[in-house]
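One structure is given below, encoded as structure tokens.
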Amino acid sequence: MLVRIILARILWALPLLFGVSILSFVLLRALPGSYFASLRLNPQISEETIKEMERKYHLNEPVYKQYLWWVWNLLHGDLGYSFYYHAPVGKVIASRVKATLVLSLVSLVLVWVVVLPAGVYAVRYRPLDPVISVTAFVFMCLPTFFLAFVLLFLAMLTGALPLGGMYSLLHEDLPTLWRWVDLARHLIIPALVISLPAIGGLFRIVRGSLKAVMSAKFILNARAKGFPEDYILWHHALPNALHPLIVIFGYQLADVLSGAALTEIICNWPGMGTMFLSAVQSQDVYLVMAGLMLSAVMLIFGNLVSDILLYWLDPRVREGVVA
């Protein structure tokens with residue numbers, strides 16, 4: 001059954017990726033101007049040089065031929081050439097993907113480590129519920145850019161944390177343990193900027209899902225058997241409240257490569273956000289296409305992980321009761 005679900009998702013993914021690639025490529029090429037249009041404004045670059053580059057990368061041909069050439073190279077493992085960074089697209093992405101993955105995955109873990117206990121304690125201890133709920137609502141309402149500016153301003157006043165980047169200048173000269181400490185210090189501000197608003201929104205879902213489950217008959221049955229309330233919450237209520245949460249987790253996992261873009265730009269984190277912003281602004285078509293396709297692949301991957309987790313954790317899905 002699980003193998004059939006995975007195969008079905010993969011088969012659906014192929015035409016979906018094909019459609020995304022066509023639509024993205026056509027829309028990108030339909031935009032006015034191009035990277036070479038800006039080069040023509042540079043008197044040091046001759047028209048012959050520009051035409052030779054356009055011919056080399058097939059950008060002087062009709063759009064459908066450009067697309068077919070891009071797909072042919074993609075099938076052979078070539079993502080194209082980045083005109084802005086003057087390097088193959090694969091190398092440009094590889095140089096930035098580590099920073100984005102570190103930031104996004106740390107933020108994702110932080111969100112769930114905080115949200116699940118907070119939701120349980122808000123339901124378990126009624127006096128704490130208003131306090132936690134108001135705090136979560138405040139976090140949820142904070143705009144990302146405003147929160148980033150506030151944290152950076154506090155860091156500037158206190159000098160307690162770095163104001164940007166992923167490493168210190170002397171990072172390579174530090175002992176191994178202090179390299180990890182240096183990375184952790186640089187991670188604190190951007191990770192909080194991503195995590196705090198997400199914690200606020202997700203907490204309300206966890207709390208609402210738990211409260212709905214706590215009124216179910218099997219919870220009343222567990223209480224009648226004399227199980228402690230904490231045991232009921234963690235071992236009966238929470239597993240049965242995970243269905244909508246796993247779906248959200250799948251979407252968050254799909255967002256690990258693109259969800260931190262604004263934070264990376266504001267906090268000067270050397271990830272893929274600033275890279276793709278530069279690519280879009282300069283109309284670096286092959287780098288932008290790579291970013292769009294990566295986002296589509298991650299969305300499919302996140303949904304697949306969500307389906308697998310639901311199948312594993314929820315017997316109703318295994319029996320075909322809940323889709």
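Ligands are numbered from 1 in the order shown, chains are lettered A, B, ... in the order of the structure tokens, and residues start at 1 in each chain.
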- Message: Give me, as a list in words, all polymer residues having an atom no more than 8 Å from A:Tyr286, counting only C-alpha atoms and skipping those fewer than 6 positions away in the same chain.
- Response: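 Near neighbours after the sequence-gap exclusion: Leu79, Gly80, Tyr81, Ser82 and Val89 of chain A.
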For the interface of stretch 226-295 of chain A with stretch 158-171 of chain A (cut-off 8 Å, counting only C-alpha atoms), please tabulate each contacting residue of stretch 226-295 of chain A alongside its nearest pair of atoms and their separation in Å to one decimal, rows sorted by chain and increasing number, as JSON lines.
{"residue": "A:Cys267", "atom": "CA", "partner": "A:Gly164", "partner_atom": "CA", "distance": 5.3}
{"residue": "A:Asn268", "atom": "CA", "partner": "A:Gly164", "partner_atom": "CA", "distance": 5.0}
{"residue": "A:Trp269", "atom": "CA", "partner": "A:Gly165", "partner_atom": "CA", "distance": 4.9}
{"residue": "A:Pro270", "atom": "CA", "partner": "A:Gly165", "partner_atom": "CA", "distance": 6.3}
Using the selection just defined, write its residues with C-alpha atoms as an mmCIF file, in the first residue's frame.
data_model
loop_
_atom_site.group_PDB
_atom_site.id
_atom_site.type_symbol
_atom_site.label_atom_id
_atom_site.label_comp_id
_atom_site.auth_asym_id
_atom_site.auth_seq_id
_atom_site.Cartn_x
_atom_site.Cartn_y
_atom_site.Cartn_z
ATOM 1 C CA CYS A 267 20.204 39.405 8.167
ATOM 2 C CA ASN A 268 22.876 39.148 5.462
ATOM 3 C CA TRP A 269 22.824 35.365 5.656
ATOM 4 C CA PRO A 270 24.774 33.913 2.689
#
- Residue with smallest distance to A:Ala241 - pool A:Arg207, A:Arg9, A:His58, A:Lys65, counting only C-alpha atoms: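 Under the stated criterion, the closest residue is A:Arg207.
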- Query: Taking into account only C-alpha atoms, which residue in the set A:Leu287, A:Val305, A:Ile265, A:Val256 is nearest to A:Lys98?
  - Reply: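 Checking each of A:Leu287, A:Val305, A:Ile265, A:Val256 against A:Lys98, counting only C-alpha atoms, the winner is A:Val256.
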Which residues, written as a PDB file with C-alpha atoms, in the first residue's frame, have at least one atom at most 12 Å from A:Val297, with only C-alpha atoms counted and residues fewer than 4 positions away on the same chain left out?
ATOM      1  CA  ARG A   9       2.901  10.512  -6.116  1.00  0.00           C
ATOM      2  CA  ILE A  10       6.014  10.152  -8.284  1.00  0.00           C
ATOM      3  CA  TRP A  12       1.817  12.570 -10.681  1.00  0.00           C
ATOM      4  CA  ALA A  13       4.978  14.599 -10.060  1.00  0.00           C
ATOM      5  CA  LEU A  14       6.398  14.086 -13.561  1.00  0.00           C
ATOM      6  CA  LEU A  16       3.395  18.482 -12.771  1.00  0.00           C
ATOM      7  CA  LEU A  17       7.111  19.336 -13.054  1.00  0.00           C
ATOM      8  CA  PHE A  18       6.790  19.368 -16.837  1.00  0.00           C
ATOM      9  CA  VAL A  20       5.707  24.044 -14.114  1.00  0.00           C
ATOM     10  CA  SER A  21       8.830  24.144 -16.262  1.00  0.00           C
ATOM     11  CA  TYR A 251       4.472  22.182   3.588  1.00  0.00           C
ATOM     12  CA  LEU A 253       9.576  20.944   4.761  1.00  0.00           C
ATOM     13  CA  ALA A 254       8.797  21.964   1.191  1.00  0.00           C
ATOM     14  CA  ASP A 255       9.630  25.540   2.110  1.00  0.00           C
ATOM     15  CA  VAL A 256      13.128  24.926   3.501  1.00  0.00           C
ATOM     16  CA  LEU A 257      14.913  26.226   0.377  1.00  0.00           C
ATOM     17  CA  SER A 258      12.787  29.315  -0.217  1.00  0.00           C
ATOM     18  CA  ALA A 290      16.679  26.314 -11.353  1.00  0.00           C
ATOM     19  CA  GLY A 291      15.212  28.062  -8.303  1.00  0.00           C
ATOM     20  CA  LEU A 292      11.633  27.596  -9.505  1.00  0.00           C
ATOM     21  CA  MET A 293      12.171  23.926 -10.300  1.00  0.00           C
ATOM     22  CA  PHE A 301       8.950  15.998  -1.670  1.00  0.00           C
ATOM     23  CA  GLY A 302       7.292  17.681   1.326  1.00  0.00           C
ATOM     24  CA  ASN A 303       3.882  16.311   0.360  1.00  0.00           C
ATOM     25  CA  LEU A 304       5.384  12.848  -0.129  1.00  0.00           C
TER      26      LEU A 304
END
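Between atom CA of A:Ile199 and atom CA of A:Lys211 the interatomic distance comes to 17.9 Å.
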- Query: Of the residues A:Cys141, A:Leu110, A:Val150, A:Leu238, which is the one nearest to A:Leu187, using only C-alpha atoms?
  - Reply: A:Leu110
- Query: Contacts of A:Pro32 at 12 Å or less, counting only C-alpha atoms, minus same-chain residues fewer than 5 places along, as a count of residues only?
  - Reply: 5
- Query: Closest to A:Leu192 among A:Trp112, A:Arg124, A:Val106, A:Glu229, using only C-alpha atoms?
  - Reply: A:Val106
- Task: Would you please give, as a PyMOL selection string, all residues of stretch 15-237 of chain A that DSSP assigns to strand (DSSP E or B) based on the backbone?
- Result: chain A and resi 81-82+87-88
- Note on the structure: With distances taken over only C-alpha atoms, the candidate from A:Ala212, A:Phe203, A:Pro244, A:Met272 nearest A:Thr135 is A:Phe203
- Item | Of the listed residues A:Leu242, A:Lys217, A:Thr49, A:His236, that which approaches A:Ser306 most closely, counting only C-alpha atoms |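 That would be A:Leu242, the residue with the smallest distance to A:Ser306.
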